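Shown next, in structure tokens, is the structure this report addresses.
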Amino acid sequence: MTTYDFVVPIHRAPGQGRGPGGAQPCAIDSIESALLTLLARHPDALVLAVRGEGTPRRVPVPASIPLQAHDRVDVERNLMDEVVPADRAVVAKLWGQARTQGAAMAPVRRVSDPETPSNLYFLDVRKQHQVMIVLFTPGICAPDEDVVDAARLPMLSPRVARATKDTSSVFTWTDPALSVILGWPPEEIIGRRTLEFVHPDDRDLGIATWLEMLDSDEPSPPVRLRHRHRDGSWVWLEVTNQRREADGDVLSQMLDVSEEMATIDALHAREQLLAQLTETVPVGLFHADLGGNVLFANRRLCEMLGTTFSPRLADQLSKVESEDRANLETALGACAAGADVDIVVRVLFDEGRMRHCSVSVRPLRDDHGTVTGVTGCVEDVTASVQSRSDLEVKAVSDPLTGCLNRAGTFAVLQETLDRVASDGADPAGTAAIFIDLDRFKPVNDEFGHATGDEVLVRVAERIRTSVRSGDVVGRLGGDEFLVICPKVTDPESALAMARSLTTRAFAAPVDLGATSMEIRASLGVAWSSERGTHADALVAQADAAMYRSKREGRSEPIMFVDSPS
């Protein structure tokens, strides 16, 4: 049996310029002449028309093509459906070559008669007929020598080969394609056992399928085995064996799947690399479908979230703090709808530790842009969150006493005033108690600034322990302090709180170790429950009241009262 497993162009007219890759394109009149010659020589050929752009989709054969008794096929049938699956890649290559070089041909096997090759011709006649013409010339025949010019187009290696073997798996005949695929001439194949060519690691599988075939009347299932090329390399062949009733020999159909296996090997290598990378990076990674099923998660994710691997994403996130988990579920929902979301959550561990994690979730889309799942990256940002928190505390804290500094005090007071004013159901107001230590300058002058600083630290601590748990103590500067008291029902209650503070914080001397020192203070109180009250105004009122207390010299709190107009 003779087959021609190569692709060649149609004869070209001399003097034409060269096309892509150095190949000389066909002249338009040469392609037209080739078409007419083929139609005349092969009246029983199947003639089809396909478009030349996009994909080789079938279209009606134009009336301008002079068909005689040629087989016309319903245009609804797909071109690829005319050939066996193993040869469809050849058809695609022919179509691509014909579009750039004018014409091309190769033998293929049609579905209607897979045992007999047909020569398939592609002719680009779009300039004259607006289509590309496809001809299947039936039967085992050589290409038309006066139409085909094999020297001007690289040969396409065959992918399909046949051979016969006896029941001992000794080759008795091979077609030329097997010699092209493996590089061995027929005389070096015939008479040798198949296992001599099969990779040692694949021999057990080959023997098992061979014995199974001998015990059955059915063809063996396709099996992929590596066969040794004459140059020492290995070629992947998908082999199907079947006993022939006529002579008892075995017919082997062999398909070269080396490119496919190389692609699979490359894909496997990429998967291994990706798996290694995902286990190397210091972040947690996951992929989940829209149903919340975890399709992938690296070990680092479980370490960060304090859980073992779970097929459900909700279980994987079970140790995220409840309030943050609700926000995270909202973020995942937004991601499933197509949004990119970044969020920081707190993860609570069994031993009481807490970790801050940055979670970045992104939608995963298919080729049509439809969201099919979500991917996530989880990073431990505890150190940066703590650092940022420390900086925020430092920005509003007094470094000596640990109280709020002036800016922090005014910010908290304004927030308190705004919050109370926005709550119409609560009539309580906010009190501000301004504290100025009496005769503090002589302390610094007599004992030095170190002792003065120690006094301020002790006084600040006494004030903090003398106020309510929800009150805030700030140092405005020097020896001035301000106490913010939210939820105070009326001015009288505010004044009572200031008196209690005076008694508890300033009644006893401050013990400095080697000596003790009596500290007195003047206190001014202001109170407001009005909407729109500004912190500056309330502090100014408390400051004015404090100066009245200082002028009277009694170290007793005084309530601010508006002067009569």
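Convention: chains lettered A, B, ... in structure tokens order; per-chain residue numbering from 1; ligands numbered from 1 as shown.
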
* To do: Show which residues sit within 12 Å of A:Gly232, as a PyMOL selection string. Count only C-alpha atoms, and ignore same-chain residues fewer than 4 positions away.
  => chain A and resi 182-184+197-199+226-228

Write out as an mmCIF file with all heavy atoms, in the first residue's frame the residues lying within 6 Å of stretch 472-483 of chain A, counting only C-alpha atoms and excluding same-chain residues fewer than 5 positions away.
data_model
loop_
_atom_site.group_PDB
_atom_site.id
_atom_site.type_symbol
_atom_site.label_atom_id
_atom_site.label_comp_id
_atom_site.auth_asym_id
_atom_site.auth_seq_id
_atom_site.Cartn_x
_atom_site.Cartn_y
_atom_site.Cartn_z
ATOM 1 N N CYS A 403 -0.916 60.388 78.349
ATOM 2 C CA CYS A 403 -2.243 60.905 78.033
ATOM 3 C C CYS A 403 -2.298 61.297 76.555
ATOM 4 O O CYS A 403 -1.296 61.313 75.845
ATOM 5 C CB CYS A 403 -2.546 62.135 78.886
ATOM 6 S SG CYS A 403 -2.500 61.859 80.666
ATOM 7 N N LEU A 404 -3.494 61.648 76.099
ATOM 8 C CA LEU A 404 -3.596 62.226 74.765
ATOM 9 C C LEU A 404 -2.844 63.557 74.735
ATOM 10 O O LEU A 404 -2.813 64.283 75.745
ATOM 11 C CB LEU A 404 -5.058 62.457 74.376
ATOM 12 C CG LEU A 404 -5.920 61.218 74.084
ATOM 13 C CD1 LEU A 404 -7.357 61.645 73.793
ATOM 14 C CD2 LEU A 404 -5.363 60.429 72.911
ATOM 15 N N ASN A 405 -2.237 63.872 73.571
ATOM 16 C CA ASN A 405 -1.633 65.200 73.450
ATOM 17 C C ASN A 405 -2.709 66.219 73.078
ATOM 18 O O ASN A 405 -3.903 65.876 72.998
ATOM 19 C CB ASN A 405 -0.484 65.195 72.449
ATOM 20 C CG ASN A 405 -0.929 64.787 71.043
ATOM 21 O OD1 ASN A 405 -2.128 64.795 70.723
ATOM 22 N ND2 ASN A 405 0.025 64.431 70.206
ATOM 23 N N ARG A 406 -2.314 67.443 72.828
ATOM 24 C CA ARG A 406 -3.299 68.498 72.579
ATOM 25 C C ARG A 406 -4.152 68.188 71.344
ATOM 26 O O ARG A 406 -5.383 68.286 71.399
ATOM 27 C CB ARG A 406 -2.568 69.840 72.404
ATOM 28 C CG ARG A 406 -3.516 71.026 72.242
ATOM 29 C CD ARG A 406 -2.751 72.326 72.080
ATOM 30 N NE ARG A 406 -3.658 73.462 72.046
ATOM 31 C CZ ARG A 406 -4.107 74.111 73.104
ATOM 32 N NH1 ARG A 406 -3.710 73.733 74.324
ATOM 33 N NH2 ARG A 406 -4.945 75.135 73.001
ATOM 34 N N THR A 409 -6.473 65.282 72.019
ATOM 35 C CA THR A 409 -7.544 65.654 72.952
ATOM 36 C C THR A 409 -8.664 66.400 72.243
ATOM 37 O O THR A 409 -9.852 66.096 72.416
ATOM 38 C CB THR A 409 -6.976 66.519 74.092
ATOM 39 O OG1 THR A 409 -5.933 65.800 74.770
ATOM 40 C CG2 THR A 409 -8.057 66.890 75.086
ATOM 41 N N ALA A 432 -16.418 69.163 79.879
ATOM 42 C CA ALA A 432 -14.975 69.327 79.753
ATOM 43 C C ALA A 432 -14.451 69.938 81.044
ATOM 44 O O ALA A 432 -14.926 70.996 81.472
ATOM 45 C CB ALA A 432 -14.634 70.203 78.552
ATOM 46 N N ILE A 433 -13.503 69.259 81.707
ATOM 47 C CA ILE A 433 -12.928 69.737 82.963
ATOM 48 C C ILE A 433 -11.484 70.166 82.693
ATOM 49 O O ILE A 433 -10.634 69.348 82.365
ATOM 50 C CB ILE A 433 -12.966 68.656 84.053
ATOM 51 C CG1 ILE A 433 -14.405 68.158 84.260
ATOM 52 C CG2 ILE A 433 -12.368 69.172 85.343
ATOM 53 C CD1 ILE A 433 -14.514 66.998 85.242
ATOM 54 N N PHE A 434 -11.234 71.458 82.789
ATOM 55 C CA PHE A 434 -9.914 72.019 82.536
ATOM 56 C C PHE A 434 -9.155 72.071 83.853
ATOM 57 O O PHE A 434 -9.636 72.642 84.832
ATOM 58 C CB PHE A 434 -10.047 73.419 81.934
ATOM 59 C CG PHE A 434 -8.810 73.903 81.231
ATOM 60 C CD1 PHE A 434 -8.798 74.079 79.866
ATOM 61 C CD2 PHE A 434 -7.648 74.201 81.948
ATOM 62 C CE1 PHE A 434 -7.661 74.530 79.212
ATOM 63 C CE2 PHE A 434 -6.519 74.639 81.301
ATOM 64 C CZ PHE A 434 -6.505 74.800 79.920
ATOM 65 N N ILE A 435 -7.943 71.481 83.900
ATOM 66 C CA ILE A 435 -7.146 71.392 85.135
ATOM 67 C C ILE A 435 -5.820 72.124 84.920
ATOM 68 O O ILE A 435 -5.106 71.828 83.946
ATOM 69 C CB ILE A 435 -6.883 69.931 85.531
ATOM 70 C CG1 ILE A 435 -8.202 69.148 85.661
ATOM 71 C CG2 ILE A 435 -6.053 69.844 86.801
ATOM 72 C CD1 ILE A 435 -8.008 67.657 85.822
ATOM 73 N N ASP A 436 -5.506 73.047 85.829
ATOM 74 C CA ASP A 436 -4.208 73.730 85.796
ATOM 75 C C ASP A 436 -3.586 73.629 87.184
ATOM 76 O O ASP A 436 -4.206 74.013 88.192
ATOM 77 C CB ASP A 436 -4.381 75.192 85.399
ATOM 78 C CG ASP A 436 -3.051 75.905 85.258
ATOM 79 O OD1 ASP A 436 -2.552 76.444 86.264
ATOM 80 O OD2 ASP A 436 -2.506 75.915 84.130
ATOM 81 N N LEU A 437 -2.380 73.045 87.253
ATOM 82 C CA LEU A 437 -1.733 72.871 88.558
ATOM 83 C C LEU A 437 -1.326 74.235 89.125
ATOM 84 O O LEU A 437 -0.779 75.084 88.409
ATOM 85 C CB LEU A 437 -0.510 71.970 88.427
ATOM 86 C CG LEU A 437 -0.752 70.564 87.847
ATOM 87 C CD1 LEU A 437 0.533 69.739 87.908
ATOM 88 C CD2 LEU A 437 -1.880 69.854 88.586
#

* Check the DSSP output for the backbone and give back, as number ranges by chain, the residues of stretch 168-346 of chain A in strand (DSSP E). => A: 171-174, 223-228, 234-243, 250-256, 284-289, 294-297, 341-346

* Residue among A:Glu518, A:Asp217, A:Asp113, A:Asp380 lying closest to A:Glu245, counting only C-alpha atoms ->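 Using only C-alpha atoms, A:Glu245 sits closest to A:Asp217.
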
Write out as a PDB file with C-alpha atoms, in the first residue's frame each polymer residue whose atoms come within 12 Å of A:Leu328, counting only C-alpha atoms; drop sequence neighbours fewer than 2 positions from it.
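Below you can see part_9.pdb, which holds the result:
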ATOM      1  CA  LEU A 313     -14.071  27.919  51.843  1.00  0.00           C
ATOM      2  CA  ALA A 314     -16.352  28.862  54.754  1.00  0.00           C
ATOM      3  CA  LEU A 317     -12.077  30.904  57.044  1.00  0.00           C
ATOM      4  CA  SER A 318     -13.730  29.753  60.265  1.00  0.00           C
ATOM      5  CA  VAL A 320     -11.596  34.866  61.067  1.00  0.00           C
ATOM      6  CA  GLU A 321     -13.107  37.182  63.711  1.00  0.00           C
ATOM      7  CA  SER A 322     -16.909  37.117  63.374  1.00  0.00           C
ATOM      8  CA  GLU A 323     -17.361  40.791  62.454  1.00  0.00           C
ATOM      9  CA  ASP A 324     -14.522  40.615  59.938  1.00  0.00           C
ATOM     10  CA  ARG A 325     -15.849  37.335  58.546  1.00  0.00           C
ATOM     11  CA  ALA A 326     -19.110  39.030  57.626  1.00  0.00           C
ATOM     12  CA  THR A 330     -19.432  40.437  51.460  1.00  0.00           C
ATOM     13  CA  ALA A 331     -16.084  40.943  49.708  1.00  0.00           C
ATOM     14  CA  LEU A 332     -16.213  37.414  48.252  1.00  0.00           C
ATOM     15  CA  GLY A 333     -19.729  38.062  46.993  1.00  0.00           C
ATOM     16  CA  ALA A 334     -18.579  41.271  45.307  1.00  0.00           C
ATOM     17  CA  CYS A 335     -15.660  39.393  43.760  1.00  0.00           C
ATOM     18  CA  VAL A 341     -11.566  43.479  46.533  1.00  0.00           C
ATOM     19  CA  ASP A 342      -8.863  44.007  49.183  1.00  0.00           C
ATOM     20  CA  ILE A 343      -9.681  43.713  52.872  1.00  0.00           C
ATOM     21  CA  VAL A 344      -7.841  43.287  56.193  1.00  0.00           C
ATOM     22  CA  VAL A 345      -9.276  40.768  58.663  1.00  0.00           C
ATOM     23  CA  ARG A 346      -8.369  39.528  62.133  1.00  0.00           C
ATOM     24  CA  VAL A 347      -7.715  35.827  62.686  1.00  0.00           C
ATOM     25  CA  CYS A 357      -4.257  39.302  57.437  1.00  0.00           C
ATOM     26  CA  SER A 358      -4.632  41.186  54.191  1.00  0.00           C
ATOM     27  CA  VAL A 359      -6.962  39.273  51.846  1.00  0.00           C
ATOM     28  CA  SER A 360      -6.925  40.174  48.142  1.00  0.00           C
ATOM     29  CA  VAL A 361      -9.604  38.411  46.091  1.00  0.00           C
ATOM     30  CA  GLY A 376      -7.333  34.821  46.791  1.00  0.00           C
ATOM     31  CA  VAL A 378      -3.698  36.029  52.089  1.00  0.00           C
TER      32      VAL A 378
END

* Asked: For A:Asp490, which of A:Arg419, A:Ser169, A:Val50, A:Met559 is the closest residue, counting only C-alpha atoms?
  ->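 Looking at the shortest contact to A:Asp490, the residue is A:Met559.
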
* **Contact residues around A:Gly206 with only C-alpha atoms at 9 Å, ignoring same-chain residues under 2 positions, as a ChimeraX atom specification** => /A:195,198,202-204,208-211,223-225

Could you write those residues out with N, CA, C and O atoms, as a compact mmCIF listing (two decimals), in the first residue's frame?
# COMPACT_ATOMS: atom_id res chain seq x y z
N LEU A 195 9.21 -5.10 20.42
CA LEU A 195 9.81 -4.69 21.69
C LEU A 195 11.23 -4.16 21.51
O LEU A 195 11.74 -3.46 22.38
N VAL A 198 10.62 -0.49 21.38
CA VAL A 198 9.83 0.14 22.44
C VAL A 198 10.72 0.49 23.64
O VAL A 198 11.63 -0.28 24.00
N ASP A 202 8.16 1.16 28.85
CA ASP A 202 6.82 0.98 28.28
C ASP A 202 6.56 -0.46 27.84
O ASP A 202 5.45 -0.77 27.39
N ARG A 203 7.55 -1.34 27.98
CA ARG A 203 7.40 -2.70 27.43
C ARG A 203 6.34 -3.51 28.14
O ARG A 203 5.58 -4.27 27.51
N ASP A 204 6.26 -3.42 29.47
CA ASP A 204 5.24 -4.19 30.21
C ASP A 204 3.84 -3.82 29.74
O ASP A 204 2.97 -4.69 29.56
N ALA A 208 1.21 -6.37 27.81
CA ALA A 208 -0.12 -6.63 28.37
C ALA A 208 -1.21 -6.37 27.34
O ALA A 208 -2.15 -7.18 27.19
N THR A 209 -1.13 -5.25 26.64
CA THR A 209 -2.16 -4.95 25.63
C THR A 209 -2.08 -5.91 24.44
O THR A 209 -3.09 -6.25 23.84
N TRP A 210 -0.87 -6.36 24.09
CA TRP A 210 -0.72 -7.31 22.99
C TRP A 210 -1.38 -8.65 23.33
O TRP A 210 -2.14 -9.20 22.53
N LEU A 211 -1.12 -9.17 24.54
CA LEU A 211 -1.73 -10.44 24.95
C LEU A 211 -3.24 -10.32 25.06
O LEU A 211 -3.98 -11.25 24.70
N VAL A 223 -2.95 2.43 22.88
CA VAL A 223 -1.96 2.50 23.94
C VAL A 223 -0.80 3.35 23.43
O VAL A 223 -0.38 3.24 22.27
N ARG A 224 -0.28 4.22 24.27
CA ARG A 224 0.79 5.13 23.88
C ARG A 224 2.13 4.60 24.39
O ARG A 224 2.32 4.45 25.60
N LEU A 225 3.03 4.32 23.44
CA LEU A 225 4.33 3.74 23.74
C LEU A 225 5.42 4.56 23.06
O LEU A 225 5.23 5.03 21.93

* To one decimal in Å, tell me the separation between atom CA of A:Tyr547 and atom CA of A:Ala521. =>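 So the two atoms, atom CA of A:Tyr547 and atom CA of A:Ala521, lie 11.0 Å apart.
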
* To do: For stretch 98-100 of chain A, list every protein, DNA or RNA residue within 7 Å, evaluated using only C-alpha atoms, and leave out those in the same chain fewer than 5 positions away; present the list as a list in words.
  =>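 Once the adjacent positions are removed, what remains is Pro20, Gly52, Phe122, Leu123 and Asp124 of chain A.
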
* Find the residues around stretch 450-455 of chain A up to 12 Å (only C-alpha atoms counted), leave out those fewer than 6 positions away in its own chain, and share them as a PyMOL selection string. => chain A and resi 399-401+437+439-444+461-462+478-479+506+509-520

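Counting only C-alpha atoms, the residue from A:Gly191, A:Pro200, A:Pro43, A:Pro158 that sits nearest to A:Val257 is A:Pro158.
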
* To do: Name the closest residue to A:Thr503 among the candidates A:Pro557, A:Gly352, A:Pro486, A:Gly306; distances are taken between atoms, counting only C-alpha atoms.
  =>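 Going through A:Pro557, A:Gly352, A:Pro486, A:Gly306 one by one, the smallest distance to A:Thr503 is for A:Pro557.
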